[in-house]
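Visitor: Following this line is query_18.cif, made up of mmCIF, C-alpha atoms and all ligand atoms; chains and numbers go by the auth columns:
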data_entry
#
loop_
_atom_site.group_PDB
_atom_site.id
_atom_site.type_symbol
_atom_site.label_atom_id
_atom_site.label_comp_id
_atom_site.label_asym_id
_atom_site.label_seq_id
_atom_site.Cartn_x
_atom_site.Cartn_y
_atom_site.Cartn_z
_atom_site.B_iso_or_equiv
_atom_site.auth_seq_id
_atom_site.auth_asym_id
ATOM 1 C CA MET A 1 -92.324 -23.899 5.123 0.00 300 N
ATOM 2 C CA ARG A 2 -89.944 -21.348 6.654 0.00 301 N
ATOM 3 C CA ARG A 3 -87.758 -18.949 4.713 0.00 302 N
ATOM 4 C CA LEU A 4 -84.117 -18.598 5.742 0.00 303 N
ATOM 5 C CA ARG A 5 -81.102 -16.685 4.451 0.00 304 N
ATOM 6 C CA GLY A 6 -77.651 -18.284 4.180 0.00 305 N
ATOM 7 C CA HIS A 7 -75.948 -17.528 7.461 0.00 306 N
ATOM 8 C CA HIS A 8 -79.027 -18.393 9.501 0.00 307 N
ATOM 9 C CA LEU A 9 -78.928 -21.922 8.038 0.00 308 N
ATOM 10 C CA ILE A 10 -75.649 -22.388 9.932 0.00 309 N
ATOM 11 C CA CYS A 11 -76.043 -20.148 12.993 0.00 310 N
ATOM 12 C CA LEU A 12 -79.461 -21.483 13.999 0.00 311 N
ATOM 13 C CA ARG A 13 -77.868 -24.901 14.291 0.00 312 N
ATOM 14 C CA PHE A 14 -76.338 -23.621 17.548 0.00 313 N
ATOM 15 C CA PHE A 15 -79.334 -21.670 18.857 0.00 314 N
ATOM 16 C CA LYS A 16 -80.157 -22.299 22.512 0.00 315 N
ATOM 17 C CA GLY A 17 -82.667 -19.537 23.183 0.00 316 N
ATOM 18 C CA GLU A 18 -80.673 -16.322 23.113 0.00 317 N
ATOM 19 C CA GLY A 19 -81.908 -13.320 21.194 0.00 318 N
ATOM 20 C CA TYR A 20 -82.885 -9.673 21.073 0.00 319 N
ATOM 21 C CA SER A 21 -86.266 -10.245 22.715 0.00 320 N
ATOM 22 C CA ARG A 22 -88.580 -13.011 23.852 0.00 321 N
ATOM 23 C CA GLU A 23 -90.649 -12.663 20.689 0.00 322 N
ATOM 24 C CA PHE A 24 -87.507 -12.925 18.566 0.00 323 N
ATOM 25 C CA SER A 25 -86.348 -16.101 20.333 0.00 324 N
ATOM 26 C CA GLU A 26 -89.776 -17.759 20.320 0.00 325 N
ATOM 27 C CA ASN A 27 -89.992 -17.143 16.596 0.00 326 N
ATOM 28 C CA ILE A 28 -86.691 -18.987 16.123 0.00 327 N
ATOM 29 C CA TRP A 29 -87.936 -21.973 18.142 0.00 328 N
ATOM 30 C CA ARG A 30 -90.949 -22.142 15.811 0.00 329 N
ATOM 31 C CA ILE A 31 -88.656 -22.005 12.789 0.00 330 N
ATOM 32 C CA LEU A 32 -86.526 -24.842 14.155 0.00 331 N
ATOM 33 C CA LYS A 33 -89.574 -27.030 14.666 0.00 332 N
ATOM 34 C CA ASN A 34 -90.465 -26.749 10.982 0.00 333 N
ATOM 35 C CA ASP A 35 -88.342 -29.062 8.878 0.00 334 N
ATOM 36 C CA ARG A 36 -89.022 -27.611 5.435 0.00 335 N
ATOM 37 C CA ILE A 37 -86.864 -24.606 4.696 0.00 336 N
ATOM 38 C CA GLU A 38 -86.945 -22.454 1.627 0.00 337 N
ATOM 39 C CA VAL A 39 -83.509 -20.908 1.119 0.00 338 N
ATOM 40 C CA ILE A 40 -83.746 -17.259 0.209 0.00 339 N
ATOM 41 C CA PHE A 41 -81.602 -14.220 -0.392 0.00 340 N
ATOM 42 C CA GLY A 42 -82.044 -11.251 1.975 0.00 341 N
ATOM 43 C CA ALA A 43 -84.307 -10.650 4.972 0.00 342 N
ATOM 44 C CA ASP A 44 -85.917 -13.883 6.148 0.00 343 N
ATOM 45 C CA ASP A 45 -88.301 -15.309 8.763 0.00 344 N
ATOM 46 C CA VAL A 46 -85.746 -14.593 11.514 0.00 345 N
ATOM 47 C CA CYS A 47 -85.204 -11.001 10.422 0.00 346 N
ATOM 48 C CA ILE A 48 -88.918 -10.176 10.357 0.00 347 N
ATOM 49 C CA LYS A 49 -88.993 -10.348 14.186 0.00 348 N
ATOM 50 C CA CYS A 50 -85.708 -8.508 14.619 0.00 349 N
ATOM 51 C CA PRO A 51 -85.628 -4.944 15.973 0.00 350 N
ATOM 52 C CA HIS A 52 -82.751 -4.153 13.601 0.00 351 N
ATOM 53 C CA LEU A 53 -84.676 -4.771 10.378 0.00 352 N
ATOM 54 C CA GLU A 54 -85.867 -1.607 8.628 0.00 353 N
ATOM 55 C CA ASN A 55 -87.558 -1.787 5.234 0.00 354 N
ATOM 56 C CA ASP A 56 -86.048 -5.235 4.633 0.00 355 N
ATOM 57 C CA VAL A 57 -82.551 -3.887 5.347 0.00 356 N
ATOM 58 C CA CYS A 58 -80.379 -5.021 8.272 0.00 357 N
ATOM 59 C CA LYS A 59 -79.516 -1.949 10.363 0.00 358 N
ATOM 60 C CA TYR A 60 -77.746 -3.778 13.174 0.00 359 N
ATOM 61 C CA SER A 61 -74.643 -1.613 12.666 0.00 360 N
ATOM 62 C CA ASP A 62 -72.822 0.424 10.038 0.00 361 N
ATOM 63 C CA ASN A 63 -72.391 -1.766 6.943 0.00 362 N
ATOM 64 C CA SER A 64 -74.359 -4.606 8.534 0.00 363 N
ATOM 65 C CA GLU A 65 -76.417 -5.209 5.370 0.00 364 N
ATOM 66 C CA GLU A 66 -73.184 -5.689 3.386 0.00 365 N
ATOM 67 C CA ASN A 67 -71.681 -7.798 6.163 0.00 366 N
ATOM 68 C CA VAL A 68 -74.632 -10.164 6.515 0.00 367 N
ATOM 69 C CA THR A 69 -74.861 -10.480 2.733 0.00 368 N
ATOM 70 C CA GLU A 70 -71.208 -11.587 2.681 0.00 369 N
ATOM 71 C CA LEU A 71 -71.949 -14.110 5.415 0.00 370 N
ATOM 72 C CA ASP A 72 -74.917 -15.393 3.426 0.00 371 N
ATOM 73 C CA GLN A 73 -72.835 -15.797 0.269 0.00 372 N
ATOM 74 C CA MET A 74 -70.183 -17.754 2.149 0.00 373 N
ATOM 75 C CA ALA A 75 -72.840 -19.956 3.758 0.00 374 N
ATOM 76 C CA TYR A 76 -74.390 -20.780 0.355 0.00 375 N
ATOM 77 C CA ARG A 77 -70.973 -21.729 -1.034 0.00 376 N
ATOM 78 C CA LEU A 78 -69.901 -23.826 1.953 0.00 377 N
ATOM 79 C CA LEU A 79 -73.203 -25.652 2.272 0.00 378 N
ATOM 80 C CA GLU A 80 -73.615 -25.882 -1.519 0.00 379 N
ATOM 81 C CA ILE A 81 -77.190 -24.834 -0.922 0.00 380 N
ATOM 82 C CA TYR A 82 -78.472 -21.829 -2.844 0.00 381 N
ATOM 83 C CA PRO A 83 -81.515 -19.506 -2.863 0.00 382 N
ATOM 84 C CA ASP A 84 -84.695 -20.940 -4.371 0.00 383 N
ATOM 85 C CA SER A 85 -83.903 -24.432 -3.127 0.00 384 N
ATOM 86 C CA THR A 86 -85.650 -26.341 -0.343 0.00 385 N
ATOM 87 C CA VAL A 87 -83.746 -28.129 2.422 0.00 386 N
ATOM 88 C CA SER A 88 -84.355 -29.857 5.736 0.00 387 N
ATOM 89 C CA TRP A 89 -82.438 -29.433 9.009 0.00 388 N
ATOM 90 C CA GLU A 90 -81.080 -32.933 8.419 0.00 389 N
ATOM 91 C CA ASN A 91 -79.508 -31.775 5.116 0.00 390 N
ATOM 92 C CA ILE A 92 -77.746 -28.989 6.988 0.00 391 N
ATOM 93 C CA ARG A 93 -76.770 -31.115 9.993 0.00 392 N
ATOM 94 C CA GLU A 94 -74.911 -33.524 7.692 0.00 393 N
ATOM 95 C CA LYS A 95 -72.811 -30.717 6.216 0.00 394 N
ATOM 96 C CA ILE A 96 -71.944 -28.871 9.430 0.00 395 N
ATOM 97 C CA PRO A 97 -68.869 -30.945 10.449 0.00 396 N
ATOM 98 C CA GLU A 98 -67.068 -30.408 7.155 0.00 397 N
ATOM 99 C CA ILE A 99 -67.681 -26.660 6.927 0.00 398 N
ATOM 100 C CA MET A 100 -67.230 -25.428 10.494 0.00 399 N
ATOM 101 C CA LYS A 101 -63.479 -24.903 10.447 0.00 400 N
ATOM 102 C CA VAL A 102 -63.758 -22.468 7.538 0.00 401 N
ATOM 103 C CA TRP A 103 -66.996 -20.949 8.860 0.00 402 N
ATOM 104 C CA LYS A 104 -65.512 -20.224 12.267 0.00 403 N
ATOM 105 C CA GLU A 105 -62.536 -18.432 10.734 0.00 404 N
ATOM 106 C CA PHE A 106 -64.695 -16.468 8.321 0.00 405 N
ATOM 107 C CA ALA A 107 -67.744 -15.674 10.411 0.00 406 N
ATOM 108 C CA CYS A 108 -67.364 -16.417 14.106 0.00 407 N
ATOM 109 C CA SER A 109 -64.199 -14.563 15.022 0.00 408 N
ATOM 110 C CA ASP A 110 -65.811 -11.109 14.658 0.00 409 N
ATOM 111 C CA CYS A 111 -69.378 -12.063 15.607 0.00 410 N
ATOM 112 C CA ASP A 112 -71.047 -10.211 18.486 0.00 411 N
ATOM 113 C CA TRP A 113 -72.748 -13.485 19.486 0.00 412 N
ATOM 114 C CA LYS A 114 -69.465 -15.377 19.717 0.00 413 N
ATOM 115 C CA ASN A 115 -69.590 -15.637 23.518 0.00 414 N
ATOM 116 C CA VAL A 116 -72.940 -17.430 23.235 0.00 415 N
ATOM 117 C CA CYS A 117 -71.566 -20.048 20.859 0.00 416 N
ATOM 118 C CA GLU A 118 -68.380 -20.429 22.879 0.00 417 N
ATOM 119 C CA SER A 119 -70.488 -21.885 25.663 0.00 418 N
ATOM 120 C CA ASN A 120 -72.151 -24.317 23.246 0.00 419 N
ATOM 121 C CA GLU A 121 -70.666 -27.820 23.532 0.00 420 N
ATOM 122 C CA GLU A 122 -71.452 -28.772 19.950 0.00 421 N
ATOM 123 C CA TRP A 123 -69.927 -25.557 18.537 0.00 422 N
ATOM 124 C CA LYS A 124 -66.779 -26.136 20.610 0.00 423 N
ATOM 125 C CA ARG A 125 -66.277 -29.573 19.064 0.00 424 N
ATOM 126 C CA TYR A 126 -65.503 -28.079 15.649 0.00 425 N
HETATM 127 S S1 LIG B . -79.369 -8.495 12.908 0.00 501 N
HETATM 128 FE FE1 LIG B . -79.802 -8.266 10.707 0.00 501 N
HETATM 129 S S2 LIG B . -79.420 -10.314 9.788 0.00 501 N
HETATM 130 FE FE2 LIG B . -79.594 -10.569 12.026 0.00 501 N
HETATM 131 S S3 LIG B . -81.764 -11.109 12.362 0.00 501 N
HETATM 132 FE FE3 LIG B . -81.561 -8.841 12.619 0.00 501 N
HETATM 133 S S4 LIG B . -82.028 -8.005 10.584 0.00 501 N
HETATM 134 FE FE4 LIG B . -81.610 -10.204 10.294 0.00 501 N
#
Reformat the file's structure so that it appears as structure tokens.
Ligand code: SF4
Guide:
Amino acid sequence: MRRLRGHHLICLRFFKGEGYSREFSENIWRILKNDRIEVIFGADDVCIKCPHLENDVCKYSDNSEENVTELDQMAYRLLEIYPDSTVSWENIREKIPEIMKVWKEFACSDCDWKNVCESNEEWKRY
């Protein structure tokens, strides 16, 4: 079982290998191979390999902890999947088409990884 926060439930759907380091990316591939996901609030199994995590707080940029928490809250609401529940990638895959228009407007427009997703054929379909 892997532990994931809200926005990673959506963003990892479009992961193709990019990341902060090889260790970070390989960790995500392992997460994607595991189909049982415990939904959590806060730093998760992606964050633990991230160079920006300090004492369970996201230090990617000024206000990043607040920003990622907002993204998580929106992801929970859109997916109707909340912390302390268990989901599979199939559960998430089914919901992606109906939420992506709102998610792109809310989350993708200001994301530093936007150029990565813009080259993703599936992401472009929504
Ligand atoms: S940037 Fe922040 S939210 Fe993203 S993986 Fe790193 S610690 Fe987690």
Visitor: Find, counting only C-alpha atoms, the residue in N:Asp355, N:Ser324, N:Trp412, N:Ile336 that gets nearest to N:Pro382.
Guide: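 Nearest to N:Pro382: N:Ile336.
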Visitor: So which one's closest to ligand LIG 501 (chain N), N:Trp422, N:Trp328, N:Tyr319, N:Trp388? Using all atoms listed in the file, please.
Guide: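 Of the candidates, the smallest distance to ligand LIG 501 (chain N) is held by N:Tyr319.
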Visitor: Separation of atom CA of N:Arg304 and atom CA of N:Asp371, in Å?
Guide: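 It comes out at 6.4 Å.
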Visitor: Can you work out which residues are within 9 Å of ligand LIG 501 (chain N), considering all atoms listed in the file, and then hand them over as a list in words?
Guide: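 So, counting all atoms listed in the file, the residues near ligand LIG 501 (chain N) are Arg304, His306, His307, Tyr319, Phe323, Gly341, Ala342, Asp343, Asp344, Val345, Cys346, Ile347, Lys348, Cys349, Pro350, His351, Leu352, Glu353, Asp355, Val356, Cys357, Lys358, Tyr359, Ser360, Ser363, Glu364, Asn366, Val367 and Thr368 of chain N.
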Visitor: Nearest to N:Asp409: which of N:Glu389, N:Leu370, N:Ile339, N:Ile309 is it, counting only C-alpha atoms?
Guide: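 Using only C-alpha atoms, N:Asp409 sits closest to N:Leu370.
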Visitor: Could you state which residues are captured by the PyMOL selection byres (((chain N and resi 301) around 7) and not hetatm) in this file, as number ranges by chain?
Guide: N: 300, 302-303, 330, 333, 335-337, 344
Visitor: Restricted to C-alpha atoms, what would the selected residues look like written as a compact mmCIF listing (two decimals), in the frame of the given file?
Guide:
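As written to disk, out-v1.txt reads:
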# COMPACT_ATOMS: atom_id res chain seq x y z
CA MET N 300 -92.32 -23.90 5.12
CA ARG N 302 -87.76 -18.95 4.71
CA LEU N 303 -84.12 -18.60 5.74
CA ILE N 330 -88.66 -22.00 12.79
CA ASN N 333 -90.46 -26.75 10.98
CA ARG N 335 -89.02 -27.61 5.44
CA ILE N 336 -86.86 -24.61 4.70
CA GLU N 337 -86.94 -22.45 1.63
CA ASP N 344 -88.30 -15.31 8.76
Visitor: Which residue out of N:Asn390, N:Glu317, N:Asp334, N:Gly305 has the minimum interatomic distance to N:Lys413 when only C-alpha atoms are used?
Guide: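 Nearest to N:Lys413: N:Glu317.
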Visitor: I'd like to know which of N:Tyr425, N:Ile391, N:Phe340, N:Lys332 is closest to N:Cys407, using all atoms listed in the file.
Guide: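 When distances to N:Cys407 are compared using all atoms listed in the file, the smallest one comes from N:Tyr425.
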Visitor: List every protein, DNA or RNA residue that has at least one atom no more than 10 Å from (-78.8, -23.1, 23.4) in the file's coordinates, counting all atoms listed in the file, and write the result as number ranges by chain.
Guide: N: 311-317, 415-416, 418-421
Visitor: What does the distance between atom CA of N:Lys394 and atom CA of N:Leu377 come to in Å, to one decimal place?
Guide: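 A separation of 8.6 Å between them.
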Visitor: One decimal, in Å: what's the spacing between atom CA of N:Gln372 and atom CA of N:Val401?
Guide: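 So the answer is 13.4 Å.
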Visitor: Draw an axis-aligned box tight on the listed atoms of stretch 325-336 of chain N, then pad every side by 8 Å and write out centre and edge lengths in Å to one decimal as JSON.
Guide:
{"center_x": -88.7, "center_y": -23.1, "center_z": 12.5, "size_x": 20.4, "size_y": 27.9, "size_z": 31.6}
Visitor: So which one's closest to N:Ser387, N:Val338, N:Ile327, N:Cys310, N:Met399? Using only C-alpha atoms, please.
Guide: N:Val338
Visitor: Got a sec to write stretch 302-331 of chain N of the block to a file, N, CA, C and O atoms, as a JSON list (two decimals), in the first residue's frame?
Guide:
[["chain", "number", "residue", "atom", "x", "y", "z"],
["N", 302, "ARG", "N", 1.04, 5.59, 0.11],
["N", 302, "ARG", "CA", 0.30, 6.70, 0.71],
["N", 302, "ARG", "C", 0.45, 7.94, -0.17],
["N", 302, "ARG", "O", 1.57, 8.38, -0.43],
["N", 303, "LEU", "N", -0.67, 8.49, -0.61],
["N", 303, "LEU", "CA", -0.61, 9.66, -1.49],
["N", 303, "LEU", "C", -1.54, 10.77, -1.03],
["N", 303, "LEU", "O", -2.67, 10.52, -0.59],
["N", 304, "ARG", "N", -1.06, 12.01, -1.20],
["N", 304, "ARG", "CA", -1.86, 13.20, -0.91],
["N", 304, "ARG", "C", -2.70, 13.54, -2.15],
["N", 304, "ARG", "O", -2.44, 13.02, -3.26],
["N", 305, "GLY", "N", -3.65, 14.45, -1.98],
["N", 305, "GLY", "CA", -4.65, 14.73, -3.01],
["N", 305, "GLY", "C", -4.12, 15.04, -4.39],
["N", 305, "GLY", "O", -4.47, 14.38, -5.37],
["N", 306, "HIS", "N", -3.26, 16.07, -4.50],
["N", 306, "HIS", "CA", -2.90, 16.48, -5.86],
["N", 306, "HIS", "C", -2.04, 15.44, -6.56],
["N", 306, "HIS", "O", -2.07, 15.35, -7.79],
["N", 307, "HIS", "N", -1.32, 14.62, -5.82],
["N", 307, "HIS", "CA", -0.54, 13.57, -6.47],
["N", 307, "HIS", "C", -1.42, 12.48, -7.06],
["N", 307, "HIS", "O", -1.01, 11.80, -8.01],
["N", 308, "LEU", "N", -2.64, 12.31, -6.54],
["N", 308, "LEU", "CA", -3.56, 11.33, -7.13],
["N", 308, "LEU", "C", -3.86, 11.70, -8.58],
["N", 308, "LEU", "O", -4.03, 10.83, -9.43],
["N", 309, "ILE", "N", -3.92, 13.00, -8.86],
["N", 309, "ILE", "CA", -4.20, 13.46, -10.23],
["N", 309, "ILE", "C", -2.91, 13.59, -11.03],
["N", 309, "ILE", "O", -2.78, 13.06, -12.14],
["N", 310, "CYS", "N", -1.91, 14.29, -10.48],
["N", 310, "CYS", "CA", -0.71, 14.62, -11.27],
["N", 310, "CYS", "C", 0.07, 13.37, -11.68],
["N", 310, "CYS", "O", 0.64, 13.34, -12.79],
["N", 311, "LEU", "N", 0.11, 12.35, -10.82],
["N", 311, "LEU", "CA", 0.87, 11.16, -11.17],
["N", 311, "LEU", "C", 0.26, 10.40, -12.34],
["N", 311, "LEU", "O", 0.94, 9.59, -12.98],
["N", 312, "ARG", "N", -1.01, 10.70, -12.61],
["N", 312, "ARG", "CA", -1.67, 10.09, -13.76],
["N", 312, "ARG", "C", -0.94, 10.44, -15.06],
["N", 312, "ARG", "O", -1.00, 9.71, -16.03],
["N", 313, "PHE", "N", -0.22, 11.57, -15.06],
["N", 313, "PHE", "CA", 0.44, 12.05, -16.27],
["N", 313, "PHE", "C", 1.97, 11.95, -16.17],
["N", 313, "PHE", "O", 2.69, 12.53, -16.98],
["N", 314, "PHE", "N", 2.45, 11.23, -15.19],
["N", 314, "PHE", "CA", 3.89, 11.08, -14.98],
["N", 314, "PHE", "C", 4.52, 10.23, -16.09],
["N", 314, "PHE", "O", 4.00, 9.17, -16.45],
["N", 315, "LYS", "N", 5.64, 10.76, -16.63],
["N", 315, "LYS", "CA", 6.34, 10.01, -17.68],
["N", 315, "LYS", "C", 7.82, 9.81, -17.34],
["N", 315, "LYS", "O", 8.60, 9.41, -18.20],
["N", 316, "GLY", "N", 8.22, 10.18, -16.14],
["N", 316, "GLY", "CA", 9.60, 9.94, -15.73],
["N", 316, "GLY", "C", 10.35, 11.17, -15.28],
["N", 316, "GLY", "O", 11.50, 11.07, -14.84],
["N", 317, "GLU", "N", 9.71, 12.33, -15.38],
["N", 317, "GLU", "CA", 10.40, 13.56, -14.99],
["N", 317, "GLU", "C", 10.45, 13.68, -13.46],
["N", 317, "GLU", "O", 9.64, 13.12, -12.77],
["N", 318, "GLY", "N", 11.41, 14.47, -12.98],
["N", 318, "GLY", "CA", 11.46, 14.64, -11.53],
["N", 318, "GLY", "C", 12.68, 15.41, -11.09],
["N", 318, "GLY", "O", 13.46, 15.88, -11.91],
["N", 319, "TYR", "N", 12.84, 15.54, -9.80],
["N", 319, "TYR", "CA", 13.94, 16.32, -9.23],
["N", 319, "TYR", "C", 15.25, 15.55, -9.24],
["N", 319, "TYR", "O", 16.33, 16.13, -9.20],
["N", 320, "SER", "N", 15.16, 14.22, -9.27],
["N", 320, "SER", "CA", 16.36, 13.38, -9.26],
["N", 320, "SER", "C", 15.96, 11.99, -9.75],
["N", 320, "SER", "O", 14.77, 11.67, -9.82],
["N", 321, "ARG", "N", 16.96, 11.18, -10.04],
["N", 321, "ARG", "CA", 16.67, 9.81, -10.45],
["N", 321, "ARG", "C", 15.97, 9.03, -9.34],
["N", 321, "ARG", "O", 15.01, 8.29, -9.58],
["N", 322, "GLU", "N", 16.43, 9.21, -8.13],
["N", 322, "GLU", "CA", 15.81, 8.52, -6.99],
["N", 322, "GLU", "C", 14.35, 8.93, -6.83],
["N", 322, "GLU", "O", 13.48, 8.09, -6.58],
["N", 323, "PHE", "N", 14.09, 10.22, -7.01],
["N", 323, "PHE", "CA", 12.72, 10.72, -6.90],
["N", 323, "PHE", "C", 11.82, 10.07, -7.95],
["N", 323, "PHE", "O", 10.72, 9.59, -7.64],
["N", 324, "SER", "N", 12.30, 10.03, -9.20],
["N", 324, "SER", "CA", 11.50, 9.48, -10.29],
["N", 324, "SER", "C", 11.31, 7.97, -10.14],
["N", 324, "SER", "O", 10.21, 7.45, -10.38],
["N", 325, "GLU", "N", 12.37, 7.26, -9.75],
["N", 325, "GLU", "CA", 12.23, 5.81, -9.58],
["N", 325, "GLU", "C", 11.24, 5.48, -8.47],
["N", 325, "GLU", "O", 10.51, 4.49, -8.56],
["N", 326, "ASN", "N", 11.22, 6.29, -7.45],
["N", 326, "ASN", "CA", 10.24, 6.09, -6.38],
["N", 326, "ASN", "C", 8.82, 6.22, -6.91],
["N", 326, "ASN", "O", 7.93, 5.45, -6.55],
["N", 327, "ILE", "N", 8.60, 7.19, -7.81],
["N", 327, "ILE", "CA", 7.25, 7.36, -8.37],
["N", 327, "ILE", "C", 6.86, 6.16, -9.24],
["N", 327, "ILE", "O", 5.73, 5.68, -9.18],
["N", 328, "TRP", "N", 7.81, 5.63, -10.02],
["N", 328, "TRP", "CA", 7.49, 4.43, -10.80],
["N", 328, "TRP", "C", 7.06, 3.30, -9.89],
["N", 328, "TRP", "O", 6.12, 2.56, -10.20],
["N", 329, "ARG", "N", 7.73, 3.14, -8.75],
["N", 329, "ARG", "CA", 7.35, 2.08, -7.80],
["N", 329, "ARG", "C", 5.94, 2.33, -7.27],
["N", 329, "ARG", "O", 5.14, 1.40, -7.12],
["N", 330, "ILE", "N", 5.64, 3.58, -6.98],
["N", 330, "ILE", "CA", 4.31, 3.92, -6.47],
["N", 330, "ILE", "C", 3.24, 3.57, -7.51],
["N", 330, "ILE", "O", 2.19, 3.01, -7.18],
["N", 331, "LEU", "N", 3.53, 3.88, -8.77],
["N", 331, "LEU", "CA", 2.54, 3.63, -9.82],
["N", 331, "LEU", "C", 2.31, 2.15, -10.07],
["N", 331, "LEU", "O", 1.24, 1.76, -10.56]]
